[in-house]
Amino acid sequence: MGRKPSELVHNRREGTKNPENALATSSELSSFLAEVERRAFKQAVFAVRDDDAALDIVQDAMMRLAEKYGDRPAEELPLLFQRILQNAIRDHFRRTKVRSFWTTLFSSFAPADEDPADFDPLETLEAQPGSKAAASAEDEVAQARTMALIEKEIQKLPARQREAFLLRYWEDLDVAETAQAMGCSEGSVKTHCSRATHALATALKAKGVAL
Amino acid sequence: MGNNEELRIAFQVRHHLNAGAARTPAQINERLRAARERALARQRRPAGVLAAATAAGAGWNLGWLGKLVPLLVLVLGLGAIHFWHQAEQANNIADIDMQMLADELPPNVYLDKGFGAWLTRGEPGRQD
């Protein structure tokens with residue numbers, strides 16, 4: 001968490017490099033999933049904007065990773081998991097699209113989906129008593145506000161930009177790995193990341209958040 | 001926006017995202033933990049755990065050779081079985097020829113249909 005920007009890209013691979021290419025043990029897989037599960041959940045929430053659906057997606061991704069790739073070397077797990085997670089998110093949208101088609105076809109009284117504009121990330125934040133004992137209430141409120149604004153702006157990004165940005169800068173995949181996980185060229189990854197960063201900086205600046 | 005500036009902003013965003021992930025509600029964390037345990041219970045086990053462990057224990061990294069050797073053993077085994085089968089057939093025919101040349105069979109035996117069938121199949125064992 002305390003890494004410098006210039007260290008973002010390569011630290012994960014150097015830090016977890018396993019020269020013997022050993023297969024992932026149960027405890028290694030467990031540690032990996034425990035480390036990545038919250039970020040995976042947030043990634044899914046940013047994409048589908050629904051906690052329950054996001055949990056289903058993450059559970060599905062974990063299950064697929066364990067069942068199909070549980071015997072792979074531990075160092076391969078991050079990329080494999082991200083590929084599975086992104087596919088699970090896309091599957092979710094495909095299923096939703098099909099359901100939406102049939103619902104529209106058979107019923108004009110179907111309840112409309114929740115308006116994304118009404119979504120308030122602040123509602124998802126729960127105070128954790130004691131976790132910020134040292135911080136002042138004002139600081140905590142300010143931090144929560146910034147955090148919520150950032151999450152909201154990330155949700156607003158085009159899907160591919162958000163995907164590239166999160167994989168590259170939150171999950172520490174390098175450009176090639178991000179391209180592999182997204183199924184696109186490395187050039188596209190760089191373009192998506194650059195546009196996403198620019199869009200975030202502009203949107204946040206407009207709301208008084210200086211990064 | 002330069003590359004360094006992009007990385008700097010990404011780092012700031014990442015910092016806030018990590019803070020957000022750390023504040024995931026307890027009920028979500030619990031459901032994630034349960035999902036993780038269900039996944040771990042179904043973890044795929046390596047097919048060649050024993051072989052891999054043995055090779056690793058011996059300090060060998062067989063790589064593609066590890067896949068080639070069993071295949072080679074299988075091919076050699078099949079070849080050996082084929083060779084043995086051919087040799088058996090040749091021995092049987094040689095025995096019959098030997099008996100016929102030694103005139104140990106009465107001429108009437110050639111009128112026996114069963115003997116004819118036995119000769120055609122080349123099966124040993126009938127001692128009529």
# chains A, B, ... in the order shown; residues from 1 in each chain; ligands from 1
>>> interface_residues(of="chain B", to="chain A", cutoff="6 Å", atoms="only C-alpha atoms", output="PyMOL selection string")
chain B and resi 7-8+11+14+16+21+35+39+42-46
>>> closest_residue(among="A:Ala54, A:Val175, A:Ala164, A:Ile89", to="Ile28 in chain B", atoms="only C-alpha atoms")
A:Ala54
>>> atom_distance(atom1="CA of Gln180 in chain A", atom2="CA of Leu79 in chain A")
8.5 Å
>>> atom_distance(atom1="CA of Glu177 in chain A", atom2="CA of Glu35 in chain A")
19.1 Å
>>> residues_around(residues="Gly183 in chain A", least_positions_apart="6", cutoff="12 Å", atoms="only C-alpha atoms", output="PDB file with N, CA and C atoms, in the first residue's frame")
ATOM      1  N   GLN A  82      -7.727 -12.818 -12.647  1.00  0.00           N
ATOM      2  CA  GLN A  82      -8.263 -11.605 -13.269  1.00  0.00           C
ATOM      3  C   GLN A  82      -8.940 -11.917 -14.592  1.00  0.00           C
ATOM      4  N   ARG A  83      -8.381 -12.837 -15.330  1.00  0.00           N
ATOM      5  CA  ARG A  83      -9.032 -13.223 -16.594  1.00  0.00           C
ATOM      6  C   ARG A  83     -10.397 -13.839 -16.313  1.00  0.00           C
ATOM      7  N   ILE A  84     -10.437 -14.704 -15.320  1.00  0.00           N
ATOM      8  CA  ILE A  84     -11.702 -15.357 -14.978  1.00  0.00           C
ATOM      9  C   ILE A  84     -12.711 -14.327 -14.479  1.00  0.00           C
ATOM     10  N   GLN A  86     -12.855 -11.067 -15.094  1.00  0.00           N
ATOM     11  CA  GLN A  86     -13.355 -10.204 -16.178  1.00  0.00           C
ATOM     12  C   GLN A  86     -14.345 -10.968 -17.053  1.00  0.00           C
ATOM     13  N   ASN A  87     -14.066 -12.249 -17.289  1.00  0.00           N
ATOM     14  CA  ASN A  87     -15.015 -13.051 -18.076  1.00  0.00           C
ATOM     15  C   ASN A  87     -16.332 -13.216 -17.335  1.00  0.00           C
ATOM     16  N   ARG A 160     -14.286  -0.524 -20.677  1.00  0.00           N
ATOM     17  CA  ARG A 160     -12.943  -0.976 -21.048  1.00  0.00           C
ATOM     18  C   ARG A 160     -11.866  -0.115 -20.393  1.00  0.00           C
ATOM     19  N   GLU A 163     -11.751  -1.194 -16.764  1.00  0.00           N
ATOM     20  CA  GLU A 163     -11.122  -2.508 -16.654  1.00  0.00           C
ATOM     21  C   GLU A 163      -9.600  -2.381 -16.762  1.00  0.00           C
ATOM     22  N   ALA A 164      -9.159  -1.644 -17.779  1.00  0.00           N
ATOM     23  CA  ALA A 164      -7.711  -1.475 -17.989  1.00  0.00           C
ATOM     24  C   ALA A 164      -7.071  -0.758 -16.800  1.00  0.00           C
ATOM     25  N   VAL A 175       1.526  -4.329 -18.674  1.00  0.00           N
ATOM     26  CA  VAL A 175       0.735  -4.019 -19.879  1.00  0.00           C
ATOM     27  C   VAL A 175       0.371  -5.300 -20.636  1.00  0.00           C
ATOM     28  N   ALA A 176       1.355  -6.188 -20.778  1.00  0.00           N
ATOM     29  CA  ALA A 176       1.104  -7.430 -21.524  1.00  0.00           C
ATOM     30  C   ALA A 176       0.048  -8.288 -20.829  1.00  0.00           C
ATOM     31  N   GLU A 177       0.158  -8.395 -19.517  1.00  0.00           N
ATOM     32  CA  GLU A 177      -0.813  -9.201 -18.773  1.00  0.00           C
ATOM     33  C   GLU A 177      -2.215  -8.588 -18.843  1.00  0.00           C
ATOM     34  N   VAL A 189      -4.408  -1.150 -24.314  1.00  0.00           N
ATOM     35  CA  VAL A 189      -4.329  -1.033 -22.852  1.00  0.00           C
ATOM     36  C   VAL A 189      -3.767   0.329 -22.468  1.00  0.00           C
TER      37      VAL A 189
END
>>> atom_distance(atom1="CA of Phe93 in chain A", atom2="CA of Leu157 in chain A")
16.2 Å
>>> select_by_dssp(residues="range 5-95 of chain B", states="helix (DSSP H, G or I)", output="PDB file with N, CA and C atoms, in the first residue's frame")
ATOM      1  N   GLU B   5       3.103  11.736 -14.523  1.00  0.00           N
ATOM      2  CA  GLU B   5       1.901  12.342 -13.962  1.00  0.00           C
ATOM      3  C   GLU B   5       0.766  11.312 -13.912  1.00  0.00           C
ATOM      4  N   GLU B   6       0.684  10.511 -14.959  1.00  0.00           N
ATOM      5  CA  GLU B   6      -0.344   9.464 -14.993  1.00  0.00           C
ATOM      6  C   GLU B   6      -0.138   8.473 -13.845  1.00  0.00           C
ATOM      7  N   LEU B   7       1.120   8.092 -13.640  1.00  0.00           N
ATOM      8  CA  LEU B   7       1.425   7.152 -12.555  1.00  0.00           C
ATOM      9  C   LEU B   7       1.133   7.772 -11.190  1.00  0.00           C
ATOM     10  N   ARG B   8       1.432   9.063 -11.065  1.00  0.00           N
ATOM     11  CA  ARG B   8       1.189   9.735  -9.782  1.00  0.00           C
ATOM     12  C   ARG B   8      -0.321   9.762  -9.458  1.00  0.00           C
ATOM     13  N   ILE B   9      -1.117  10.092 -10.448  1.00  0.00           N
ATOM     14  CA  ILE B   9      -2.572  10.127 -10.226  1.00  0.00           C
ATOM     15  C   ILE B   9      -3.092   8.715  -9.950  1.00  0.00           C
ATOM     16  N   ALA B  10      -2.570   7.752 -10.742  1.00  0.00           N
ATOM     17  CA  ALA B  10      -2.997   6.361 -10.535  1.00  0.00           C
ATOM     18  C   ALA B  10      -2.670   5.901  -9.115  1.00  0.00           C
ATOM     19  N   PHE B  11      -1.510   6.342  -8.623  1.00  0.00           N
ATOM     20  CA  PHE B  11      -1.110   5.964  -7.268  1.00  0.00           C
ATOM     21  C   PHE B  11      -2.065   6.547  -6.227  1.00  0.00           C
ATOM     22  N   GLN B  12      -2.456   7.810  -6.437  1.00  0.00           N
ATOM     23  CA  GLN B  12      -3.400   8.443  -5.507  1.00  0.00           C
ATOM     24  C   GLN B  12      -4.759   7.729  -5.531  1.00  0.00           C
ATOM     25  N   VAL B  13      -5.210   7.432  -6.728  1.00  0.00           N
ATOM     26  CA  VAL B  13      -6.498   6.741  -6.865  1.00  0.00           C
ATOM     27  C   VAL B  13      -6.422   5.372  -6.209  1.00  0.00           C
ATOM     28  N   ARG B  14      -5.320   4.710  -6.456  1.00  0.00           N
ATOM     29  CA  ARG B  14      -5.119   3.385  -5.877  1.00  0.00           C
ATOM     30  C   ARG B  14      -5.174   3.438  -4.351  1.00  0.00           C
ATOM     31  N   HIS B  15      -4.566   4.464  -3.793  1.00  0.00           N
ATOM     32  CA  HIS B  15      -4.566   4.624  -2.345  1.00  0.00           C
ATOM     33  C   HIS B  15      -6.011   4.691  -1.813  1.00  0.00           C
ATOM     34  N   HIS B  16      -6.839   5.472  -2.469  1.00  0.00           N
ATOM     35  CA  HIS B  16      -8.230   5.606  -2.031  1.00  0.00           C
ATOM     36  C   HIS B  16      -9.025   4.321  -2.292  1.00  0.00           C
ATOM     37  N   LEU B  17      -8.702   3.662  -3.386  1.00  0.00           N
ATOM     38  CA  LEU B  17      -9.397   2.390  -3.670  1.00  0.00           C
ATOM     39  C   LEU B  17      -9.062   1.354  -2.601  1.00  0.00           C
ATOM     40  N   ASN B  18      -7.804   1.323  -2.196  1.00  0.00           N
ATOM     41  CA  ASN B  18      -7.420   0.382  -1.134  1.00  0.00           C
ATOM     42  C   ASN B  18      -8.152   0.706   0.165  1.00  0.00           C
ATOM     43  N   ALA B  19      -8.253   2.008   0.447  1.00  0.00           N
ATOM     44  CA  ALA B  19      -8.979   2.408   1.661  1.00  0.00           C
ATOM     45  C   ALA B  19     -10.436   1.972   1.564  1.00  0.00           C
ATOM     46  N   GLY B  20     -11.012   2.112   0.377  1.00  0.00           N
ATOM     47  CA  GLY B  20     -12.404   1.695   0.187  1.00  0.00           C
ATOM     48  C   GLY B  20     -12.570   0.191   0.348  1.00  0.00           C
ATOM     49  N   ALA B  21     -11.623  -0.557  -0.210  1.00  0.00           N
ATOM     50  CA  ALA B  21     -11.708  -2.024  -0.106  1.00  0.00           C
ATOM     51  C   ALA B  21     -11.559  -2.473   1.341  1.00  0.00           C
ATOM     52  N   ALA B  22     -10.733  -1.742   2.096  1.00  0.00           N
ATOM     53  CA  ALA B  22     -10.516  -2.106   3.503  1.00  0.00           C
ATOM     54  C   ALA B  22     -11.771  -1.842   4.342  1.00  0.00           C
ATOM     55  N   ALA B  26     -18.837  -5.770   7.026  1.00  0.00           N
ATOM     56  CA  ALA B  26     -18.530  -7.068   7.636  1.00  0.00           C
ATOM     57  C   ALA B  26     -19.325  -8.198   6.998  1.00  0.00           C
ATOM     58  N   GLN B  27     -20.582  -7.912   6.675  1.00  0.00           N
ATOM     59  CA  GLN B  27     -21.405  -8.990   6.102  1.00  0.00           C
ATOM     60  C   GLN B  27     -20.880  -9.410   4.728  1.00  0.00           C
ATOM     61  N   ILE B  28     -20.352  -8.442   3.990  1.00  0.00           N
ATOM     62  CA  ILE B  28     -19.757  -8.778   2.685  1.00  0.00           C
ATOM     63  C   ILE B  28     -18.493  -9.604   2.904  1.00  0.00           C
ATOM     64  N   ASN B  29     -17.675  -9.176   3.867  1.00  0.00           N
ATOM     65  CA  ASN B  29     -16.444  -9.933   4.159  1.00  0.00           C
ATOM     66  C   ASN B  29     -16.770 -11.371   4.539  1.00  0.00           C
ATOM     67  N   GLU B  30     -17.823 -11.526   5.311  1.00  0.00           N
ATOM     68  CA  GLU B  30     -18.206 -12.875   5.741  1.00  0.00           C
ATOM     69  C   GLU B  30     -18.638 -13.726   4.552  1.00  0.00           C
ATOM     70  N   ARG B  31     -19.374 -13.119   3.657  1.00  0.00           N
ATOM     71  CA  ARG B  31     -19.828 -13.869   2.478  1.00  0.00           C
ATOM     72  C   ARG B  31     -18.648 -14.183   1.551  1.00  0.00           C
ATOM     73  N   LEU B  32     -17.706 -13.265   1.484  1.00  0.00           N
ATOM     74  CA  LEU B  32     -16.499 -13.530   0.678  1.00  0.00           C
ATOM     75  C   LEU B  32     -15.694 -14.675   1.278  1.00  0.00           C
ATOM     76  N   ARG B  33     -15.598 -14.672   2.619  1.00  0.00           N
ATOM     77  CA  ARG B  33     -14.859 -15.742   3.296  1.00  0.00           C
ATOM     78  C   ARG B  33     -15.521 -17.100   3.023  1.00  0.00           C
ATOM     79  N   ALA B  34     -16.843 -17.123   3.108  1.00  0.00           N
ATOM     80  CA  ALA B  34     -17.570 -18.379   2.865  1.00  0.00           C
ATOM     81  C   ALA B  34     -17.358 -18.840   1.417  1.00  0.00           C
ATOM     82  N   ALA B  35     -17.401 -17.891   0.497  1.00  0.00           N
ATOM     83  CA  ALA B  35     -17.190 -18.238  -0.916  1.00  0.00           C
ATOM     84  C   ALA B  35     -15.786 -18.788  -1.129  1.00  0.00           C
ATOM     85  N   ARG B  36     -14.815 -18.172  -0.439  1.00  0.00           N
ATOM     86  CA  ARG B  36     -13.426 -18.628  -0.566  1.00  0.00           C
ATOM     87  C   ARG B  36     -13.290 -20.064  -0.057  1.00  0.00           C
ATOM     88  N   GLU B  37     -13.928 -20.336   1.073  1.00  0.00           N
ATOM     89  CA  GLU B  37     -13.806 -21.684   1.640  1.00  0.00           C
ATOM     90  C   GLU B  37     -14.472 -22.725   0.755  1.00  0.00           C
ATOM     91  N   ARG B  38     -15.603 -22.338   0.163  1.00  0.00           N
ATOM     92  CA  ARG B  38     -16.258 -23.274  -0.766  1.00  0.00           C
ATOM     93  C   ARG B  38     -15.346 -23.554  -1.961  1.00  0.00           C
ATOM     94  N   ALA B  39     -14.697 -22.512  -2.447  1.00  0.00           N
ATOM     95  CA  ALA B  39     -13.798 -22.688  -3.598  1.00  0.00           C
ATOM     96  C   ALA B  39     -12.612 -23.569  -3.225  1.00  0.00           C
ATOM     97  N   LEU B  40     -12.059 -23.339  -2.042  1.00  0.00           N
ATOM     98  CA  LEU B  40     -10.888 -24.116  -1.617  1.00  0.00           C
ATOM     99  C   LEU B  40     -11.235 -25.594  -1.449  1.00  0.00           C
ATOM    100  N   ALA B  41     -12.474 -25.845  -1.017  1.00  0.00           N
ATOM    101  CA  ALA B  41     -12.894 -27.243  -0.832  1.00  0.00           C
ATOM    102  C   ALA B  41     -12.932 -27.981  -2.159  1.00  0.00           C
ATOM    103  N   VAL B  49       0.939 -35.336  -8.749  1.00  0.00           N
ATOM    104  CA  VAL B  49       1.553 -34.823  -7.527  1.00  0.00           C
ATOM    105  C   VAL B  49       2.727 -35.694  -7.098  1.00  0.00           C
ATOM    106  N   LEU B  50       2.494 -37.038  -7.125  1.00  0.00           N
ATOM    107  CA  LEU B  50       3.525 -37.951  -6.633  1.00  0.00           C
ATOM    108  C   LEU B  50       4.761 -37.874  -7.523  1.00  0.00           C
ATOM    109  N   ALA B  51       4.511 -37.928  -8.840  1.00  0.00           N
ATOM    110  CA  ALA B  51       5.635 -37.876  -9.776  1.00  0.00           C
ATOM    111  C   ALA B  51       6.385 -36.559  -9.642  1.00  0.00           C
ATOM    112  N   ALA B  52       5.613 -35.480  -9.541  1.00  0.00           N
ATOM    113  CA  ALA B  52       6.242 -34.159  -9.435  1.00  0.00           C
ATOM    114  C   ALA B  52       7.046 -34.058  -8.147  1.00  0.00           C
ATOM    115  N   ALA B  53       6.448 -34.598  -7.062  1.00  0.00           N
ATOM    116  CA  ALA B  53       7.130 -34.545  -5.773  1.00  0.00           C
ATOM    117  C   ALA B  53       8.419 -35.355  -5.820  1.00  0.00           C
ATOM    118  N   THR B  54       8.351 -36.522  -6.468  1.00  0.00           N
ATOM    119  CA  THR B  54       9.532 -37.366  -6.573  1.00  0.00           C
ATOM    120  C   THR B  54      10.622 -36.661  -7.366  1.00  0.00           C
ATOM    121  N   ALA B  55      10.202 -36.101  -8.505  1.00  0.00           N
ATOM    122  CA  ALA B  55      11.174 -35.407  -9.344  1.00  0.00           C
ATOM    123  C   ALA B  55      11.762 -34.210  -8.616  1.00  0.00           C
ATOM    124  N   ALA B  56      10.888 -33.477  -7.927  1.00  0.00           N
ATOM    125  CA  ALA B  56      11.366 -32.303  -7.198  1.00  0.00           C
ATOM    126  C   ALA B  56      12.302 -32.723  -6.080  1.00  0.00           C
ATOM    127  N   GLY B  57      11.948 -33.840  -5.420  1.00  0.00           N
ATOM    128  CA  GLY B  57      12.774 -34.338  -4.328  1.00  0.00           C
ATOM    129  C   GLY B  57      14.158 -34.726  -4.808  1.00  0.00           C
ATOM    130  N   TRP B  64       9.500 -31.242 -20.504  1.00  0.00           N
ATOM    131  CA  TRP B  64       8.852 -32.018 -21.572  1.00  0.00           C
ATOM    132  C   TRP B  64       9.306 -33.459 -21.574  1.00  0.00           C
ATOM    133  N   LEU B  65      10.509 -33.695 -21.030  1.00  0.00           N
ATOM    134  CA  LEU B  65      11.020 -35.067 -20.986  1.00  0.00           C
ATOM    135  C   LEU B  65      10.124 -35.934 -20.099  1.00  0.00           C
ATOM    136  N   GLY B  66       9.583 -35.319 -19.066  1.00  0.00           N
ATOM    137  CA  GLY B  66       8.700 -36.036 -18.153  1.00  0.00           C
ATOM    138  C   GLY B  66       7.453 -36.549 -18.847  1.00  0.00           C
ATOM    139  N   LYS B  67       7.027 -35.852 -19.892  1.00  0.00           N
ATOM    140  CA  LYS B  67       5.864 -36.310 -20.641  1.00  0.00           C
ATOM    141  C   LYS B  67       6.262 -37.332 -21.700  1.00  0.00           C
ATOM    142  N   LEU B  68       7.488 -37.186 -22.204  1.00  0.00           N
ATOM    143  CA  LEU B  68       7.945 -38.045 -23.301  1.00  0.00           C
ATOM    144  C   LEU B  68       8.282 -39.446 -22.803  1.00  0.00           C
ATOM    145  N   VAL B  69       8.861 -39.544 -21.618  1.00  0.00           N
ATOM    146  CA  VAL B  69       9.334 -40.840 -21.114  1.00  0.00           C
ATOM    147  C   VAL B  69       8.198 -41.854 -20.961  1.00  0.00           C
ATOM    148  N   PRO B  70       7.067 -41.495 -20.327  1.00  0.00           N
ATOM    149  CA  PRO B  70       5.979 -42.472 -20.227  1.00  0.00           C
ATOM    150  C   PRO B  70       5.479 -42.912 -21.594  1.00  0.00           C
ATOM    151  N   LEU B  71       5.450 -41.966 -22.547  1.00  0.00           N
ATOM    152  CA  LEU B  71       4.990 -42.302 -23.895  1.00  0.00           C
ATOM    153  C   LEU B  71       5.946 -43.296 -24.542  1.00  0.00           C
ATOM    154  N   LEU B  72       7.238 -43.065 -24.330  1.00  0.00           N
ATOM    155  CA  LEU B  72       8.264 -43.941 -24.890  1.00  0.00           C
ATOM    156  C   LEU B  72       8.141 -45.339 -24.295  1.00  0.00           C
ATOM    157  N   VAL B  73       7.930 -45.408 -22.992  1.00  0.00           N
ATOM    158  CA  VAL B  73       7.782 -46.704 -22.307  1.00  0.00           C
ATOM    159  C   VAL B  73       6.566 -47.438 -22.859  1.00  0.00           C
ATOM    160  N   LEU B  74       5.480 -46.706 -23.096  1.00  0.00           N
ATOM    161  CA  LEU B  74       4.267 -47.318 -23.624  1.00  0.00           C
ATOM    162  C   LEU B  74       4.519 -47.898 -25.014  1.00  0.00           C
ATOM    163  N   VAL B  75       5.177 -47.129 -25.870  1.00  0.00           N
ATOM    164  CA  VAL B  75       5.451 -47.589 -27.240  1.00  0.00           C
ATOM    165  C   VAL B  75       6.350 -48.809 -27.206  1.00  0.00           C
ATOM    166  N   LEU B  76       7.389 -48.757 -26.378  1.00  0.00           N
ATOM    167  CA  LEU B  76       8.298 -49.914 -26.283  1.00  0.00           C
ATOM    168  C   LEU B  76       7.562 -51.150 -25.769  1.00  0.00           C
ATOM    169  N   GLY B  77       6.683 -50.947 -24.810  1.00  0.00           N
ATOM    170  CA  GLY B  77       5.906 -52.056 -24.244  1.00  0.00           C
ATOM    171  C   GLY B  77       5.027 -52.692 -25.305  1.00  0.00           C
ATOM    172  N   LEU B  78       4.339 -51.856 -26.067  1.00  0.00           N
ATOM    173  CA  LEU B  78       3.472 -52.376 -27.131  1.00  0.00           C
ATOM    174  C   LEU B  78       4.297 -53.128 -28.175  1.00  0.00           C
ATOM    175  N   GLY B  79       5.474 -52.587 -28.504  1.00  0.00           N
ATOM    176  CA  GLY B  79       6.372 -53.255 -29.456  1.00  0.00           C
ATOM    177  C   GLY B  79       6.807 -54.615 -28.945  1.00  0.00           C
ATOM    178  N   ALA B  80       7.114 -54.685 -27.665  1.00  0.00           N
ATOM    179  CA  ALA B  80       7.565 -55.950 -27.064  1.00  0.00           C
ATOM    180  C   ALA B  80       6.444 -56.987 -27.101  1.00  0.00           C
ATOM    181  N   ILE B  81       5.225 -56.540 -26.791  1.00  0.00           N
ATOM    182  CA  ILE B  81       4.079 -57.468 -26.814  1.00  0.00           C
ATOM    183  C   ILE B  81       3.876 -58.007 -28.226  1.00  0.00           C
ATOM    184  N   HIS B  82       3.973 -57.112 -29.210  1.00  0.00           N
ATOM    185  CA  HIS B  82       3.792 -57.522 -30.606  1.00  0.00           C
ATOM    186  C   HIS B  82       4.858 -58.550 -31.004  1.00  0.00           C
ATOM    187  N   PHE B  83       6.091 -58.258 -30.630  1.00  0.00           N
ATOM    188  CA  PHE B  83       7.199 -59.161 -30.980  1.00  0.00           C
ATOM    189  C   PHE B  83       6.984 -60.535 -30.336  1.00  0.00           C
ATOM    190  N   TRP B  84       6.573 -60.539 -29.065  1.00  0.00           N
ATOM    191  CA  TRP B  84       6.352 -61.803 -28.352  1.00  0.00           C
ATOM    192  C   TRP B  84       5.238 -62.609 -29.012  1.00  0.00           C
ATOM    193  N   HIS B  85       4.175 -61.907 -29.435  1.00  0.00           N
ATOM    194  CA  HIS B  85       3.044 -62.567 -30.065  1.00  0.00           C
ATOM    195  C   HIS B  85       3.470 -63.220 -31.377  1.00  0.00           C
ATOM    196  N   GLN B  86       4.254 -62.479 -32.164  1.00  0.00           N
ATOM    197  CA  GLN B  86       4.741 -63.008 -33.447  1.00  0.00           C
ATOM    198  C   GLN B  86       5.600 -64.248 -33.210  1.00  0.00           C
ATOM    199  N   ALA B  87       6.458 -64.171 -32.202  1.00  0.00           N
ATOM    200  CA  ALA B  87       7.360 -65.293 -31.915  1.00  0.00           C
ATOM    201  C   ALA B  87       6.558 -66.533 -31.498  1.00  0.00           C
ATOM    202  N   GLU B  88       5.502 -66.315 -30.698  1.00  0.00           N
ATOM    203  CA  GLU B  88       4.658 -67.423 -30.262  1.00  0.00           C
ATOM    204  C   GLU B  88       4.016 -68.115 -31.452  1.00  0.00           C
ATOM    205  N   GLN B  89       3.488 -67.301 -32.378  1.00  0.00           N
ATOM    206  CA  GLN B  89       2.839 -67.856 -33.567  1.00  0.00           C
ATOM    207  C   GLN B  89       3.832 -68.663 -34.389  1.00  0.00           C
ATOM    208  N   ALA B  90       5.020 -68.103 -34.561  1.00  0.00           N
ATOM    209  CA  ALA B  90       6.065 -68.805 -35.336  1.00  0.00           C
ATOM    210  C   ALA B  90       6.425 -70.127 -34.668  1.00  0.00           C
ATOM    211  N   ASN B  91       6.515 -70.126 -33.346  1.00  0.00           N
ATOM    212  CA  ASN B  91       6.831 -71.367 -32.610  1.00  0.00           C
ATOM    213  C   ASN B  91       5.754 -72.415 -32.802  1.00  0.00           C
ATOM    214  N   ASN B  92       4.473 -71.963 -32.726  1.00  0.00           N
ATOM    215  CA  ASN B  92       3.367 -72.909 -32.908  1.00  0.00           C
ATOM    216  C   ASN B  92       3.415 -73.558 -34.277  1.00  0.00           C
ATOM    217  N   ILE B  93       3.601 -72.699 -35.291  1.00  0.00           N
ATOM    218  CA  ILE B  93       3.657 -73.236 -36.663  1.00  0.00           C
ATOM    219  C   ILE B  93       4.854 -74.168 -36.810  1.00  0.00           C
ATOM    220  N   ALA B  94       5.936 -73.806 -36.217  1.00  0.00           N
ATOM    221  CA  ALA B  94       7.143 -74.646 -36.281  1.00  0.00           C
ATOM    222  C   ALA B  94       6.894 -76.001 -35.618  1.00  0.00           C
ATOM    223  N   ASP B  95       6.164 -75.996 -34.483  1.00  0.00           N
ATOM    224  CA  ASP B  95       5.849 -77.259 -33.798  1.00  0.00           C
ATOM    225  C   ASP B  95       5.025 -78.171 -34.691  1.00  0.00           C
TER     226      ASP B  95
END
